[in-house]
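Coordinates as given in entry.csv (CSV, C-alpha atoms and all ligand atoms):
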```csv
chain,number,residue,atom,x,y,z
O,140,MET,CA,21.3,11.7,168.0
O,141,THR,CA,23.4,9.7,165.5
O,142,SER,CA,27.1,10.5,165.5
O,143,SER,CA,28.6,12.8,162.9
O,144,PRO,CA,32.2,13.7,161.9
O,145,VAL,CA,31.6,17.2,163.3
O,146,ASP,CA,31.0,15.9,166.8
O,147,VAL,CA,34.6,16.4,167.5
O,148,LEU,CA,34.0,20.2,167.4
O,149,PHE,CA,31.2,19.9,170.0
O,150,ARG,CA,33.1,18.3,172.8
O,151,PRO,CA,33.1,20.5,175.9
O,152,PHE,CA,36.4,22.2,177.0
O,153,GLN,CA,37.4,23.2,180.5
O,154,LEU,CA,40.4,25.1,181.8
O,155,LYS,CA,40.5,26.7,185.2
O,156,THR,CA,37.2,28.6,185.5
O,157,LEU,CA,36.6,28.6,181.8
O,158,ASN,CA,33.9,26.1,180.8
O,159,LEU,CA,33.0,25.9,177.1
O,160,LYS,CA,30.2,23.9,175.5
O,161,ASN,CA,32.2,23.4,172.3
O,162,ARG,CA,35.5,23.9,170.7
O,163,ILE,CA,34.5,26.8,168.4
O,164,VAL,CA,35.9,30.3,169.1
O,165,MET,CA,34.9,33.5,167.4
O,166,ALA,CA,38.2,35.1,166.3
O,167,PRO,CA,38.9,38.7,167.4
O,168,MET,CA,37.9,41.0,164.6
O,169,THR,CA,38.2,44.8,164.7
O,170,ARG,CA,35.0,46.3,163.5
O,171,SER,CA,35.4,50.1,164.1
O,172,PHE,CA,31.8,50.6,165.1
O,173,SER,CA,32.5,52.2,168.5
O,174,PRO,CA,32.6,56.0,168.0
O,175,GLU,CA,34.7,57.8,170.7
O,176,GLY,CA,35.8,54.3,171.9
O,177,VAL,CA,32.4,53.4,173.3
O,178,PRO,CA,30.8,50.1,172.3
O,179,GLY,CA,27.1,50.7,172.0
O,180,ALA,CA,23.9,48.6,171.8
O,181,ASN,CA,24.7,47.6,168.2
O,182,VAL,CA,28.0,46.1,169.4
O,183,ALA,CA,26.2,44.2,172.2
O,184,ASP,CA,23.6,42.9,169.7
O,185,TYR,CA,26.3,41.8,167.3
O,186,TYR,CA,28.0,39.6,170.0
O,187,ARG,CA,24.6,38.4,171.4
O,188,ARG,CA,23.8,37.0,168.0
O,189,ARG,CA,26.9,34.9,168.0
O,190,ALA,CA,26.2,33.7,171.5
O,191,LEU,CA,22.7,32.7,170.4
O,192,GLY,CA,24.3,31.1,167.4
O,193,GLN,CA,26.1,28.7,169.8
O,194,VAL,CA,29.7,30.0,169.5
O,195,GLY,CA,31.6,28.3,172.4
O,196,LEU,CA,33.9,31.3,173.2
O,197,ILE,CA,33.6,34.7,171.7
O,198,ILE,CA,36.8,36.8,171.6
O,199,SER,CA,36.0,40.5,171.2
O,200,GLU,CA,37.5,42.7,168.6
O,201,GLY,CA,40.8,44.3,169.8
O,202,THR,CA,40.0,46.9,172.5
O,203,VAL,CA,42.7,49.2,173.7
O,204,ILE,CA,44.4,49.7,177.1
O,205,ASP,CA,44.8,53.0,178.8
O,206,ARG,CA,47.8,54.5,177.0
O,207,PRO,CA,47.7,57.8,175.0
O,208,SER,CA,48.5,56.3,171.7
O,209,ALA,CA,47.3,52.7,172.1
O,210,ARG,CA,44.9,52.8,169.1
O,211,ASN,CA,45.2,53.6,165.4
O,212,ASP,CA,41.5,54.3,164.6
O,213,PRO,CA,39.0,56.6,166.4
O,214,ASN,CA,36.2,54.0,166.2
O,215,ILE,CA,37.9,51.0,167.9
O,216,PRO,CA,36.7,50.6,171.5
O,217,PHE,CA,38.6,51.5,174.6
O,218,PHE,CA,38.8,49.1,177.5
O,219,HIS,CA,39.1,51.8,180.1
O,220,GLY,CA,37.0,54.8,181.3
O,221,GLU,CA,33.5,54.9,182.6
O,222,GLU,CA,31.5,55.0,179.4
O,223,PRO,CA,33.4,52.4,177.4
O,224,LEU,CA,33.4,50.0,180.4
O,225,ALA,CA,29.6,50.5,180.8
O,226,GLY,CA,29.3,49.6,177.2
O,227,TRP,CA,31.4,46.4,177.7
O,228,LYS,CA,29.2,45.6,180.7
O,229,ASN,CA,26.2,45.6,178.4
O,230,VAL,CA,28.1,43.4,176.0
O,231,ILE,CA,29.0,40.7,178.5
O,232,GLU,CA,25.5,40.7,180.0
O,233,ALA,CA,23.9,40.3,176.6
O,234,VAL,CA,26.3,37.4,175.8
O,235,HIS,CA,25.7,35.7,179.2
O,236,GLU,CA,21.9,36.0,178.9
O,237,ALA,CA,22.2,34.3,175.5
O,238,GLY,CA,24.2,31.4,177.1
O,239,GLY,CA,27.6,32.5,175.7
O,240,LYS,CA,31.1,32.9,177.1
O,241,MET,CA,33.4,35.8,176.2
O,242,ALA,CA,36.9,37.2,176.6
O,243,PRO,CA,38.0,40.7,175.5
O,244,GLN,CA,41.1,41.0,173.4
O,245,ILE,CA,43.2,43.7,175.1
O,246,TRP,CA,45.5,45.5,172.7
O,247,HIS,CA,48.1,48.2,172.1
O,248,THR,CA,48.7,48.9,168.4
O,249,GLY,CA,52.3,50.0,168.8
O,250,SER,CA,53.5,52.1,165.9
O,251,VAL,CA,51.4,50.4,163.3
O,252,PRO,CA,49.3,52.8,161.2
O,253,ASN,CA,45.8,51.9,160.1
O,254,PRO,CA,45.7,51.4,156.3
O,255,PHE,CA,42.0,52.4,156.2
O,256,THR,CA,42.2,55.8,157.9
O,257,GLU,CA,44.4,58.9,158.0
O,258,TRP,CA,43.6,59.4,161.6
O,259,THR,CA,46.5,59.5,164.1
O,260,PRO,CA,46.4,59.8,167.9
O,261,ASP,CA,47.3,63.1,169.6
O,262,SER,CA,50.4,61.7,171.2
O,263,PRO,CA,53.3,60.2,169.2
O,264,VAL,CA,53.0,56.5,168.6
O,265,GLU,CA,55.3,54.3,170.6
O,266,SER,CA,57.2,51.1,170.0
O,267,PRO,CA,60.4,49.3,171.3
O,268,SER,CA,62.8,51.3,169.1
O,269,GLY,CA,60.7,53.9,167.3
O,270,LEU,CA,60.4,51.7,164.2
O,271,VAL,CA,57.3,50.3,162.5
O,272,ALA,CA,59.3,47.9,160.3
O,273,PRO,CA,63.1,47.3,159.8
O,274,GLU,CA,64.7,50.6,159.2
O,275,LYS,CA,61.4,52.3,158.9
O,276,GLN,CA,61.1,55.0,161.6
O,277,ARG,CA,57.7,56.0,163.0
O,278,GLY,CA,57.0,57.6,166.4
O,279,LYS,CA,59.2,57.2,169.5
O,280,ALA,CA,61.1,54.5,171.3
O,281,MET,CA,59.5,53.7,174.7
O,282,THR,CA,61.3,54.8,177.9
O,283,ASP,CA,61.4,52.6,181.0
O,284,GLU,CA,58.6,54.7,182.3
O,285,ASP,CA,56.5,54.1,179.2
O,286,ILE,CA,57.1,50.4,179.5
O,287,ALA,CA,56.2,50.3,183.2
O,288,ASP,CA,53.0,52.3,182.5
O,289,THR,CA,52.0,50.1,179.6
O,290,VAL,CA,52.5,46.9,181.6
O,291,ALA,CA,50.4,48.3,184.4
O,292,ALA,CA,47.7,49.4,181.9
O,293,PHE,CA,47.4,45.8,180.6
O,294,GLY,CA,46.9,44.7,184.2
O,295,ARG,CA,44.2,47.3,184.8
O,296,ALA,CA,42.3,46.3,181.7
O,297,ALA,CA,42.5,42.7,182.7
O,298,ALA,CA,41.2,43.5,186.2
O,299,GLU,CA,38.3,45.5,184.8
O,300,SER,CA,37.4,42.7,182.5
O,301,LYS,CA,37.2,40.2,185.3
O,302,GLN,CA,35.3,42.6,187.4
O,303,LEU,CA,32.7,43.1,184.6
O,304,GLY,CA,32.2,39.3,184.5
O,305,PHE,CA,34.1,38.3,181.3
O,306,ASP,CA,35.0,34.6,181.4
O,307,ALA,CA,38.7,34.9,180.3
O,308,VAL,CA,41.0,37.6,178.9
O,309,GLU,CA,43.1,37.6,175.7
O,310,ILE,CA,46.3,39.6,175.3
O,311,HIS,CA,47.0,40.6,171.7
O,312,GLY,CA,50.6,39.7,171.1
O,313,ALA,CA,50.4,39.1,167.3
O,314,HIS,CA,50.4,40.6,163.8
O,315,GLY,CA,53.1,43.2,164.2
O,316,TYR,CA,51.5,45.3,167.0
O,317,LEU,CA,53.2,46.4,170.2
O,318,LEU,CA,54.0,43.1,171.9
O,319,ASP,CA,55.0,41.6,168.5
O,320,GLN,CA,57.3,44.6,167.8
O,321,PHE,CA,59.2,43.5,171.0
O,322,PHE,CA,59.4,39.9,169.8
O,323,TRP,CA,60.6,40.8,166.3
O,324,ASP,CA,64.3,41.6,165.9
O,325,GLY,CA,63.5,43.9,162.9
O,326,THR,CA,61.7,46.3,165.2
O,327,ASN,CA,63.3,45.6,168.6
O,328,GLN,CA,66.9,47.0,168.6
O,329,ARG,CA,67.0,47.8,172.3
O,330,SER,CA,70.2,47.1,174.2
O,331,ASP,CA,68.5,47.0,177.6
O,332,HIS,CA,66.6,44.3,179.5
O,333,PHE,CA,63.8,44.3,176.9
O,334,GLY,CA,66.0,43.8,173.8
O,335,GLY,CA,68.7,41.3,172.8
O,336,SER,CA,69.8,38.9,170.1
O,337,THR,CA,67.7,36.0,171.3
O,338,ILE,CA,64.0,35.6,171.2
O,339,ARG,CA,64.0,34.7,174.9
O,340,GLU,CA,65.4,38.2,175.7
O,341,ARG,CA,63.0,40.0,173.3
O,342,SER,CA,60.1,38.1,175.0
O,343,ARG,CA,60.7,39.9,178.3
O,344,PHE,CA,58.3,42.7,177.7
O,345,ALA,CA,55.5,40.2,177.0
O,346,VAL,CA,56.5,38.2,180.1
O,347,GLU,CA,56.0,41.4,182.2
O,348,VAL,CA,52.6,42.1,180.5
O,349,ILE,CA,51.5,38.5,181.2
O,350,LYS,CA,52.7,38.7,184.8
O,351,SER,CA,50.8,41.9,185.3
O,352,VAL,CA,47.6,40.4,183.9
O,353,ARG,CA,48.0,37.3,186.0
O,354,ALA,CA,48.5,39.4,189.2
O,355,ALA,CA,45.3,41.3,188.2
O,356,VAL,CA,43.0,38.3,187.5
O,357,GLY,CA,44.3,35.8,190.1
O,358,PRO,CA,45.4,32.2,189.6
O,359,ASP,CA,42.1,30.7,188.4
O,360,HIS,CA,41.1,33.0,185.5
O,361,ALA,CA,42.2,31.8,182.0
O,362,ILE,CA,44.6,34.0,180.2
O,363,ILE,CA,44.8,33.6,176.4
O,364,LEU,CA,47.8,35.0,174.5
O,365,ARG,CA,47.5,35.6,170.7
O,366,LEU,CA,50.7,35.2,168.7
O,367,SER,CA,51.7,35.0,165.1
O,368,GLN,CA,54.9,34.3,163.2
O,369,TRP,CA,53.6,36.7,160.4
O,370,LYS,CA,53.6,40.4,160.7
O,371,GLN,CA,51.3,42.7,158.7
O,372,GLN,CA,54.4,44.7,157.9
O,373,ASP,CA,55.9,41.5,156.3
O,374,TYR,CA,53.9,38.2,155.9
O,375,ALA,CA,57.1,36.2,155.3
O,376,VAL,CA,58.8,37.1,158.7
O,377,ARG,CA,59.2,34.2,161.2
O,378,ILE,CA,60.0,34.6,164.9
O,379,ALA,CA,60.9,30.9,165.4
O,380,HIS,CA,62.6,29.0,162.6
O,381,THR,CA,62.9,25.7,164.5
O,382,PRO,CA,61.0,24.0,167.3
O,383,ASP,CA,63.8,24.8,169.7
O,384,GLU,CA,63.5,28.5,168.9
O,385,MET,CA,59.7,28.1,169.4
O,386,ALA,CA,60.3,26.7,172.8
O,387,ASP,CA,62.6,29.6,173.7
O,388,TRP,CA,59.9,32.0,172.6
O,389,LEU,CA,56.8,30.3,174.1
O,390,VAL,CA,57.9,28.4,177.3
O,391,PRO,CA,58.8,31.7,179.2
O,392,LEU,CA,55.4,33.1,178.2
O,393,VAL,CA,53.6,30.0,179.5
O,394,ASP,CA,55.7,30.1,182.7
O,395,ALA,CA,54.7,33.7,183.2
O,396,GLY,CA,51.1,32.8,183.2
O,397,ALA,CA,49.6,32.3,179.7
O,398,ASP,CA,47.2,29.4,179.9
O,399,ILE,CA,46.1,29.2,176.2
O,400,LEU,CA,48.2,30.1,173.2
O,401,HIS,CA,46.1,31.4,170.3
O,402,CYS,CA,48.3,30.7,167.3
O,403,SER,CA,47.4,32.9,164.3
O,404,GLN,CA,47.9,31.6,160.8
O,405,ARG,CA,46.3,32.7,157.6
O,406,ARG,CA,45.7,29.0,156.6
O,407,PHE,CA,45.4,26.6,159.5
O,408,TRP,CA,46.4,23.5,157.4
O,409,GLU,CA,49.9,24.8,156.6
O,410,ALA,CA,52.6,22.8,158.4
O,411,GLU,CA,54.9,24.9,160.6
O,412,TYR,CA,58.0,22.9,160.1
O,413,PRO,CA,57.4,20.7,156.9
O,414,GLN,CA,61.1,19.9,156.9
O,415,ILE,CA,60.5,17.9,160.1
O,416,ASP,CA,57.1,16.3,159.7
O,417,GLY,CA,56.1,16.8,156.1
O,418,GLU,CA,53.6,19.0,154.2
O,419,ASN,CA,50.7,17.7,156.3
O,420,GLY,CA,52.6,18.1,159.6
O,421,LEU,CA,51.7,19.9,162.7
O,422,ASN,CA,50.6,23.5,162.2
O,423,PHE,CA,51.6,26.5,164.5
O,424,ALA,CA,49.1,25.6,167.2
O,425,GLY,CA,50.2,22.0,167.0
O,426,TRP,CA,53.8,22.7,167.5
O,427,ALA,CA,53.0,25.3,170.2
O,428,LYS,CA,51.1,22.7,172.1
O,429,LYS,CA,53.9,20.1,171.6
O,430,VAL,CA,56.7,22.4,172.8
O,431,THR,CA,54.9,24.0,175.8
O,432,GLY,CA,52.2,21.5,176.9
O,433,ALA,CA,49.8,24.4,177.0
O,434,ALA,CA,46.3,24.4,175.4
O,435,THR,CA,46.2,26.0,172.0
O,436,ILE,CA,43.8,27.6,169.6
O,437,SER,CA,44.3,27.4,165.8
O,438,VAL,CA,42.8,29.7,163.2
O,439,GLY,CA,43.0,30.6,159.6
O,440,SER,CA,40.6,30.2,156.6
O,441,VAL,CA,38.4,27.6,158.3
O,442,GLY,CA,35.3,26.9,156.1
O,443,LEU,CA,36.3,29.4,153.4
O,444,SER,CA,38.1,29.1,150.1
O,445,GLY,CA,40.2,32.3,150.3
O,446,ASP,CA,42.4,33.7,153.1
O,447,LEU,CA,42.3,37.0,155.0
O,448,LEU,CA,44.6,38.7,152.6
O,449,SER,CA,42.3,37.9,149.6
O,450,THR,CA,39.5,39.5,151.6
O,451,PHE,CA,41.5,42.7,152.2
O,452,GLY,CA,42.3,42.5,148.5
O,453,GLY,CA,38.5,42.7,147.8
O,454,GLU,CA,37.9,39.0,146.8
O,455,SER,CA,34.9,37.0,147.9
O,456,SER,CA,35.3,33.4,149.3
O,457,THR,CA,33.0,30.4,149.1
O,458,PRO,CA,32.3,27.7,151.8
O,459,ALA,CA,35.0,25.1,151.9
O,460,SER,CA,35.3,21.6,153.4
O,461,LEU,CA,36.0,21.1,157.1
O,462,ASP,CA,37.6,17.6,156.6
O,463,ASN,CA,41.2,18.7,157.2
O,464,LEU,CA,40.1,20.5,160.4
O,465,LEU,CA,38.1,17.6,161.7
O,466,GLU,CA,41.1,15.2,161.1
O,467,ARG,CA,43.4,17.5,163.1
O,468,MET,CA,40.8,17.9,165.9
O,469,GLU,CA,40.4,14.1,166.0
O,470,ARG,CA,44.2,13.9,166.6
O,471,ASP,CA,43.9,16.6,169.3
O,472,GLU,CA,46.6,18.5,167.5
O,473,PHE,CA,45.2,21.6,169.2
O,474,ASP,CA,42.3,22.2,171.6
O,475,LEU,CA,40.1,24.9,170.0
O,476,ILE,CA,39.5,26.4,166.6
O,477,ALA,CA,38.9,30.0,166.0
O,478,ILE,CA,36.7,31.2,163.1
O,479,GLY,CA,36.9,34.7,161.8
O,480,ARG,CA,35.2,35.8,158.6
O,481,ALA,CA,32.7,32.9,158.4
O,482,ILE,CA,31.2,33.9,161.8
O,483,LEU,CA,31.5,37.6,161.0
O,484,SER,CA,29.2,37.3,158.1
O,485,ASP,CA,26.9,34.5,159.5
O,486,PRO,CA,26.0,34.4,163.2
O,487,GLU,CA,24.3,31.0,162.5
O,488,TRP,CA,27.5,29.4,161.2
O,489,VAL,CA,28.0,27.0,164.2
O,490,THR,CA,24.4,25.8,164.2
O,491,LYS,CA,24.5,25.2,160.5
O,492,ILE,CA,27.6,23.1,160.9
O,493,ARG,CA,26.2,21.2,163.8
O,494,SER,CA,22.9,20.3,162.0
O,495,GLY,CA,24.7,19.5,158.7
O,496,ASN,CA,22.8,22.3,157.0
O,497,THR,CA,25.8,23.1,154.8
O,498,SER,CA,23.8,24.1,151.7
O,499,SER,CA,22.7,27.2,153.6
O,500,LEU,CA,26.3,28.3,154.4
O,501,LYS,CA,27.0,31.7,153.0
O,502,ASP,CA,29.7,33.0,150.7
O,503,PHE,CA,31.9,35.6,152.4
O,504,SER,CA,31.9,39.0,150.7
O,505,PRO,CA,34.2,41.9,151.7
O,506,ALA,CA,31.0,44.0,151.8
O,507,ALA,CA,30.2,42.2,155.2
O,508,LEU,CA,33.1,44.3,156.7
O,509,GLY,CA,31.0,47.4,156.2
O,510,GLU,CA,28.1,46.4,158.4
O,511,LEU,CA,27.7,45.1,162.0
O,512,TYR,CA,25.1,42.4,161.9
C,1,LIG,C1,37.9,42.5,159.7
C,1,LIG,C2,38.9,41.8,160.5
C,1,LIG,C3,39.4,42.4,161.6
C,1,LIG,C4,40.4,41.7,162.4
C,1,LIG,N1,40.8,42.2,163.6
C,1,LIG,C5,41.6,41.5,164.4
C,1,LIG,C6,41.9,42.0,165.7
C,1,LIG,O1,41.4,43.0,166.2
C,1,LIG,N2,42.7,41.2,166.5
C,1,LIG,C7,43.3,40.0,166.0
C,1,LIG,O2,44.1,39.4,166.7
C,1,LIG,N3,43.0,39.6,164.7
C,1,LIG,C8,42.2,40.3,163.9
C,1,LIG,N4,41.8,39.8,162.7
C,1,LIG,C9,42.3,38.4,162.3
C,1,LIG,C10,41.3,37.4,162.7
C,1,LIG,O3,41.2,37.2,164.1
C,1,LIG,C11,41.6,36.0,162.1
C,1,LIG,O4,42.9,35.5,162.6
C,1,LIG,C12,41.7,36.0,160.6
C,1,LIG,O5,40.6,36.6,160.0
C,1,LIG,C13,41.8,34.6,160.0
C,1,LIG,O6,40.7,33.9,160.3
C,1,LIG,P1,39.5,33.6,159.2
C,1,LIG,O7,40.3,33.1,158.0
C,1,LIG,O8,38.6,32.5,159.8
C,1,LIG,O9,38.8,34.9,158.9
C,1,LIG,C14,40.9,40.4,161.9
C,1,LIG,C15,40.4,39.9,160.8
C,1,LIG,C16,39.4,40.5,160.0
C,1,LIG,C17,38.8,39.9,158.8
```

Target encoding structure tokens, full file:
Amino acid sequence: MTSSPVDVLFRPFQLKTLNLKNRIVMAPMTRSFSPEGVPGANVADYYRRRALGQVGLIISEGTVIDRPSARNDPNIPFFHGEEPLAGWKNVIEAVHEAGGKMAPQIWHTGSVPNPFTEWTPDSPVESPSGLVAPEKQRGKAMTDEDIADTVAAFGRAAAESKQLGFDAVEIHGAHGYLLDQFFWDGTNQRSDHFGGSTIRERSRFAVEVIKSVRAAVGPDHAIILRLSQWKQQDYAVRIAHTPDEMADWLVPLVDAGADILHCSQRRFWEAEYPQIDGENGLNFAGWAKKVTGAATISVGSVGLSGDLLSTFGGESSTPASLDNLLERMERDEFDLIAIGRAILSDPEWVTKIRSGNTSSLKDFSPAALGELY
């Protein structure tokens, strides 16, 4: 086979027991096709198609831990209970039969409402300080008991996922949901062990969650942690304004047991600290790798002209060049790249990229969100 610029995406990747045939990750995407929290055969088929389509690592949609108000939509899947776990067993078996690898993304939505449904859980929603955004009250502040139970529930979900045969586990710590509400000073006003004026102090809840997950899966199973500077409550918010602050945030999380940091951006090519290394400088995943030494995943508008926000605003996107991505991968700025919408709408995206069949790449239409193919 002659060499091609995209070969850099098709190098294998290995970390602990996780062995991937390429560097391409399917980003976690909530699909809301699991009535009563049970992923059915349609969900297994959806992930099977991406495994057959040569995705290196599939990360599931967010799937919630065993807490009364862990979800904000009745059709997102549970990762606890007999029926949902049987559904997930079918999913991982289908993915493995098709030669794929998969991690569930385990999640607690905190106090964030779902903009697409009026549904609310029976129990009050919970968060560090009873806030959903600065000065915006919603639900209740978590007690010590709530925190301990939540930490334990993350551990149980991780243990179940390993038991079912998943290849790694991802903890959702991004986008303004529960873990992120602890990181963010705008929503964490606690004066106890889990709050404080520094990001290091506000990371202690996540540290406990990671330790619980690590204890549940043992030393050799890869733990991925998803993080973002942005919040859906406010896209302009930043947790770490400097590399030093980023180290204060991330080093304790890696020390607690996170192996791979999944650094969520809306546009992967945007420099995290342009004042330091210029407009084409390291992105979030690049800096996270630099300050921690951990493996990282980048993400954000790969292969598409418009970003996530434009999709939720109803706009379509067209296929876009991968050149900037390939240059960054050549420099090993980060280890893996996650692709969201392009793979949501086209299970064959990876094989098309590999074979250079770019003329058959599809536009992304928001209508794709309404079906599970
Ligand atoms: C429909 C949809 C659902 C999403 N759900 C989740 C989710 O459950 N967990 C998560 O961490 N990110 C979620 N995201 C964000 C994606 O993982 C990804 O970061 C984002 O779409 C940017 O990647 P892209 O530009 O390649 O689509 C979702 C995105 C979309 C489009």

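Proximity of O:Ala296, O:Leu465, O:Ile492, O:Leu392 to Arg339 (chain O), computed with only C-alpha atoms, is greatest for O:Leu392.
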
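Among the candidates O:Lys155, O:Arg206, O:Lys491, O:Arg162, the one nearest to Phe473 (chain O) when counting only C-alpha atoms is O:Arg162.
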
| request: Throw together the list of residues within 7 Å of ligand LIG 1 (chain C), counting only C-alpha atoms and all ligand atoms, and drop it here as a PyMOL selection string. | output: chain O and resi 166-170+200-201+311+313+365+403-406+438-441+446-447+477-481+508

Which polymer residues have any atom within 7 Å of an atom of region 225-230 of chain O, counting all atoms listed in the file, with same-chain residues fewer than 5 positions away left out, as a PDB file with C-alpha atoms, keeping the file's coordinate frame?
```
ATOM      1  CA  VAL O 177      32.400  53.400 173.300  1.00  0.00           C
ATOM      2  CA  PRO O 178      30.800  50.100 172.300  1.00  0.00           C
ATOM      3  CA  GLY O 179      27.100  50.700 172.000  1.00  0.00           C
ATOM      4  CA  ALA O 183      26.200  44.200 172.200  1.00  0.00           C
ATOM      5  CA  LEU O 303      32.700  43.100 184.600  1.00  0.00           C
TER       6      LEU O 303
END
```

| task | Extract, using only C-alpha atoms, all DNA, RNA and protein residues at most 6 Å from region 449-460 of chain O, discarding same-chain residues fewer than 3 positions from it, and format them as a ChimeraX atom specification. | result | /O:442-446,502-505

From the list O:Tyr186, O:Trp388, O:Trp426, O:Phe149, the nearest residue to Asp485 (chain O) using only C-alpha atoms is O:Tyr186

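With only C-alpha atoms as the atoms that count, the minimum distance from Glu340 (chain O) to the choices O:Arg353, O:Gly304, O:Glu384, O:Ile245 is reached by O:Glu384.
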
Exercise for review: Just give me the residues with any atom within 9 Å of (35.7, 51.5, 163.0), file coordinates, counting all atoms listed in the file, written as a list of chain:residue names.
Suggested key: O:Thr169, O:Arg170, O:Ser171, O:Phe172, O:Ser173, O:Pro174, O:Asp212, O:Pro213, O:Asn214, O:Ile215, O:Pro216

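The interatomic distance for the pair CA of Pro273 (chain O) and CA of Phe344 (chain O) works out to 19.1 Å.
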
Residue contacts of His332 (chain O) (10 Å, only C-alpha atoms) excluding same-chain residues fewer than 3 positions away, as a list of chain:residue names: O:Asp283, O:Arg329, O:Gly335, O:Glu340, O:Arg341, O:Arg343, O:Phe344

Mind dumping the selected residues with C-alpha atoms as a PDB file, in the frame of the given file?
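The resulting file, out.pdb, is shown below:
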```
ATOM      1  CA  ASP O 283      61.400  52.600 181.000  1.00  0.00           C
ATOM      2  CA  ARG O 329      67.000  47.800 172.300  1.00  0.00           C
ATOM      3  CA  GLY O 335      68.700  41.300 172.800  1.00  0.00           C
ATOM      4  CA  GLU O 340      65.400  38.200 175.700  1.00  0.00           C
ATOM      5  CA  ARG O 341      63.000  40.000 173.300  1.00  0.00           C
ATOM      6  CA  ARG O 343      60.700  39.900 178.300  1.00  0.00           C
ATOM      7  CA  PHE O 344      58.300  42.700 177.700  1.00  0.00           C
TER       8      PHE O 344
END
```

- Mind listing whatever residues come within 7 Å of the point (51.0, 29.3, 165.8)? Use only C-alpha atoms, file coordinates, and give them as an MDAnalysis selection string. chainID O and resid 366:368 401:404 422:424 427 437

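From CA of Gly357 (chain O) back to CA of Arg210 (chain O), the distance works out to 27.0 Å.
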
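Picture a line from CA of Thr381 (chain O) to CA of His314 (chain O); it runs 19.5 Å.
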
Spatial neighbours of His235 (chain O), max dist 12 Å, only C-alpha atoms, sep filter under 3 positions, as a ChimeraX atom specification: /O:183,186-191,193-197,228-232,238-242,303-306

Closest contacts (region 398-471 of chain O/region 143-146 of chain O, max 12 Å, all atoms listed in the file) as a tab-separated table:
```
residue	atom	partner	partner_atom	distance
O:Ser460	CA	O:Val145	CA	11.4
O:Leu461	CA	O:Val145	CA	8.5
O:Asp462	CA	O:Pro144	CA	8.5
O:Asn463	CA	O:Pro144	CA	11.3
O:Leu464	CA	O:Val145	CA	9.6
O:Leu465	CA	O:Val145	CA	6.7
O:Glu466	CA	O:Pro144	CA	9.1
O:Arg467	CA	O:Val145	CA	11.8
O:Met468	CA	O:Val145	CA	9.6
O:Glu469	CA	O:Pro144	CA	9.2
```

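Residues lying within 8 Å of Pro260 (chain O), counting all atoms listed in the file and ignoring same-chain neighbours fewer than 5 positions away, are Pro207, Ser208, Arg210 and Asn211 of chain O.
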
Would you put the residues from that selection into a file with C-alpha atoms, as a PDB file, keeping the file's coordinate frame?
```
ATOM      1  CA  PRO O 207      47.700  57.800 175.000  1.00  0.00           C
ATOM      2  CA  SER O 208      48.500  56.300 171.700  1.00  0.00           C
ATOM      3  CA  ARG O 210      44.900  52.800 169.100  1.00  0.00           C
ATOM      4  CA  ASN O 211      45.200  53.600 165.400  1.00  0.00           C
TER       5      ASN O 211
END
```
